[in-house]
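Take a look at the structure below.
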Amino acid sequence: MQRDDAFLRAWRDTTGPAGGTTDDEEVTRPPQTYRTLWISDLHLGTPGCQARALLDFLKHTQCETLFLVGDIIDGWQLRRHWYWPQAHNDVIQKLLRKARKGTRVIFIPGNHDEFARKYLQHNFGGIDVAEEWIHETADGRKLWVMHGDLFDGVIQCAKWLAHVGDSLYEFTLKLNRHLNSLRARMGLPYWSLSKYLKLKVKRAVSYVGDFESAVAREARRRGVQGVVCGHIHHAELRDIDGILYANDGDWVESLTALAEHADGSLEILHWAGQLPTRTGLGAAASRRAAAVPA
């Protein structure tokens with residue numbers, strides 16, 4: 001818990017060096033402008049976090065409001081093993097810089113950064129912490145924004161099992177990295193072990209469907225037109241019995257975000273395809289994103 005509290009205090013520090021590149025160095029590509037952006041499941045503090053790709057996204061997008069829809073910091077992993085490279089600090093500094101420059105940044109904690117829920121209604125360096133939010137789009141639709149772990153039966157009823165599953169998922173990602181390093185040396189394309197397991201395990205497919213339906217039912221009960229969430233690492237934008245269900249995906253495998261345009265229309269952004277290939281980052285991220293089920 002001391003590490004968690006120390007890290008949250010760091011969000012208040014907006015005067016320290018940001019590390020990495022400066023804004024003057026970020027003019028390589030013109031920024032894309034949106035009314036609202038939603039990102040979640042960054043899992044900063046884990047080797048699986050795609051921090052460099054995330055920095056590229058934050059540098060080359062602008063918006064009036066940016067929602068951080070949970071699992072931004074992986075407190076579960078940090079308690080087991082402290083991992084915090086410079087790129088992860090650069091992400092936090094970039095978020096703080098956006099807030100200083102006028103973007104409204106709203107952080108809705110998830111289960112992996114649940115330690116932040118004791119700071120609800122507080123502000124850290126210009127970033128508001130909230131349990132949930134009702135966002136009104138430019139065309140007048142009300143969207144309920146929340147992380148989604150409250151609709152995960154494993155999280156709510158058997159948290160110990162969720163921790164076991166998290167450890168197994170992290171092991172799968174680590175194994176995936178080693179496996180694809182070997183495949184690359186053999187001249188073989190990227191292959192995702194996690195995708196294979198998700199598609200082969202029928203219970204996992206059923207879990208995603210049950211989660212989406214439960215979230216949509218609760219949104220209807222609340223009288224809103226749609227819901228935005230994360231949690232399950234599966235980007236989706238579709239109608240469920242008259243309710244708009246939007247999941248912004250994750251930044252471990254899919255490198256996706258949800259965007260609202262000036263007219264209120266919504267779109268899932270697949271950032272892997274927009275990364276510069278000259279650095280090698282784009283190609284690697286594209287291979288990772290291709291591993292995520294559509």
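Chain labels run A, B, ... following the order of the structure tokens; each chain numbers its residues from 1, and ligands are numbered from 1 in the order shown.
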* Mind checking which residues fall within 6 Å of region 29-34 of chain A, counting only C-alpha atoms, ignoring those fewer than 6 positions away in the same chain, and posting them as an MDAnalysis selection string? => chainID A and resid 60:63 261
* **Nearby residues (only C-alpha atoms) at most 8 Å from region 36-50 of chain A, same-chain spacing under 4 positions excluded, as a VMD selection string** => chain A and resid 54 63 to 75 77 to 78 82 to 85 88 112 147 170 173 to 174 230 to 231 233 248 to 253 255 to 261
* Asked: Quick one: residues within 8 Å of Val91 (chain A), only C-alpha atoms counted, chain neighbours fewer than 2 positions away excluded, as number ranges by chain?
  -> A: 51, 54-55, 87-89, 93-95
* To do: Determine which residues of region 22-108 of chain A receive a DSSP assignment of strand (DSSP E or B), computed from the backbone, and state them as a list in words.
  => Gln32, Thr33, Tyr34, Arg35, Thr36, Leu37, Trp38, Ile39, Leu44, Thr61, Gln62, Cys63, Glu64, Thr65, Leu66, Phe67, Leu68, Ile73, Arg104, Val105, Ile106 and Phe107 of chain A
* **All residues 10 Å or closer to region 137-139 of chain A, only C-alpha atoms, same chain fewer than 2 positions away omitted, as a PyMOL selection string** => chain A and resi 35-36+134-135+141-143+260-266
Expected file contents, prior selection, N, CA, C and O atoms, as a short mmCIF file (atom, residue, chain, number, x, y, z; two decimals), in the first residue's frame:
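The result, written out as again_8.cif:
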data_model
loop_
_atom_site.label_atom_id
_atom_site.label_comp_id
_atom_site.auth_asym_id
_atom_site.auth_seq_id
_atom_site.Cartn_x
_atom_site.Cartn_y
_atom_site.Cartn_z
N ARG A 35 -13.39 15.46 -30.26
CA ARG A 35 -14.10 16.10 -29.15
C ARG A 35 -13.78 15.38 -27.84
O ARG A 35 -13.50 16.01 -26.82
N THR A 36 -13.82 14.03 -27.88
CA THR A 36 -13.59 13.23 -26.68
C THR A 36 -12.81 11.97 -27.05
O THR A 36 -13.00 11.42 -28.13
N ILE A 134 -21.31 10.49 -16.48
CA ILE A 134 -22.30 10.56 -17.55
C ILE A 134 -21.81 11.59 -18.54
O ILE A 134 -21.71 12.78 -18.23
N HIS A 135 -21.48 11.12 -19.73
CA HIS A 135 -20.96 12.01 -20.78
C HIS A 135 -22.06 12.25 -21.81
O HIS A 135 -22.71 11.31 -22.26
N ARG A 141 -26.65 12.45 -26.98
CA ARG A 141 -26.79 11.15 -26.34
C ARG A 141 -26.03 11.12 -25.01
O ARG A 141 -24.94 11.67 -24.90
N LYS A 142 -26.62 10.46 -24.03
CA LYS A 142 -25.97 10.32 -22.74
C LYS A 142 -25.32 8.95 -22.64
O LYS A 142 -25.98 7.92 -22.82
N LEU A 143 -24.03 8.96 -22.33
CA LEU A 143 -23.26 7.72 -22.23
C LEU A 143 -22.74 7.56 -20.81
O LEU A 143 -22.14 8.46 -20.25
N GLU A 260 -14.76 10.32 -30.01
CA GLU A 260 -15.97 11.04 -30.42
C GLU A 260 -15.56 12.18 -31.31
O GLU A 260 -14.71 13.00 -30.96
N HIS A 261 -16.18 12.25 -32.50
CA HIS A 261 -15.92 13.33 -33.43
C HIS A 261 -16.76 14.56 -33.08
O HIS A 261 -17.62 14.50 -32.20
N ALA A 262 -16.53 15.64 -33.77
CA ALA A 262 -17.22 16.90 -33.47
C ALA A 262 -18.73 16.79 -33.62
O ALA A 262 -19.48 17.52 -32.95
N ASP A 263 -19.21 15.89 -34.47
CA ASP A 263 -20.65 15.74 -34.68
C ASP A 263 -21.29 14.74 -33.73
O ASP A 263 -22.48 14.46 -33.82
N GLY A 264 -20.50 14.16 -32.82
CA GLY A 264 -21.04 13.20 -31.86
C GLY A 264 -20.91 11.75 -32.28
O GLY A 264 -21.22 10.86 -31.48
N SER A 265 -20.46 11.49 -33.48
CA SER A 265 -20.29 10.11 -33.93
C SER A 265 -19.08 9.49 -33.23
O SER A 265 -18.11 10.18 -32.88
N LEU A 266 -19.15 8.18 -33.03
CA LEU A 266 -18.11 7.46 -32.32
C LEU A 266 -17.35 6.52 -33.25
O LEU A 266 -17.93 6.00 -34.22
#
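Every protein or nucleic acid residue with an atom no more than 8 Å from Arg100 (chain A), counting only C-alpha atoms and leaving out same-chain residues fewer than 4 positions away, appears here: Leu96, Gly125 and Gly126 of chain A.
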Grab the residues selected above and save them as a PDB file, in the first residue's frame with all heavy atoms.
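File selection27.pdb, as written:
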ATOM      1  N   LEU A  96      -0.300  14.532 -17.469  1.00  0.00           N
ATOM      2  CA  LEU A  96      -0.301  15.740 -16.651  1.00  0.00           C
ATOM      3  C   LEU A  96      -0.126  16.986 -17.507  1.00  0.00           C
ATOM      4  O   LEU A  96      -0.765  18.019 -17.266  1.00  0.00           O
ATOM      5  CB  LEU A  96       0.815  15.656 -15.607  1.00  0.00           C
ATOM      6  CG  LEU A  96       0.627  14.622 -14.500  1.00  0.00           C
ATOM      7  CD1 LEU A  96       1.925  14.437 -13.714  1.00  0.00           C
ATOM      8  CD2 LEU A  96      -0.504  15.017 -13.563  1.00  0.00           C
ATOM      9  N   GLY A 125      -2.910  16.953  -9.957  1.00  0.00           N
ATOM     10  CA  GLY A 125      -2.235  17.633 -11.058  1.00  0.00           C
ATOM     11  C   GLY A 125      -3.157  18.005 -12.194  1.00  0.00           C
ATOM     12  O   GLY A 125      -2.747  18.012 -13.353  1.00  0.00           O
ATOM     13  N   GLY A 126      -4.427  18.284 -11.895  1.00  0.00           N
ATOM     14  CA  GLY A 126      -5.393  18.638 -12.929  1.00  0.00           C
ATOM     15  C   GLY A 126      -6.207  17.469 -13.441  1.00  0.00           C
ATOM     16  O   GLY A 126      -7.075  17.645 -14.311  1.00  0.00           O
TER      17      GLY A 126
END
* To do: For CA of Phe115 (chain A) and CA of Asn247 (chain A), quote the distance in Å rounded to one decimal.
  => 22.8 Å
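Closest approach to Leu120 (chain A) among A:Glu212, A:Gly273, A:Gly187, A:Ile108: A:Ile108, based on only C-alpha atoms.
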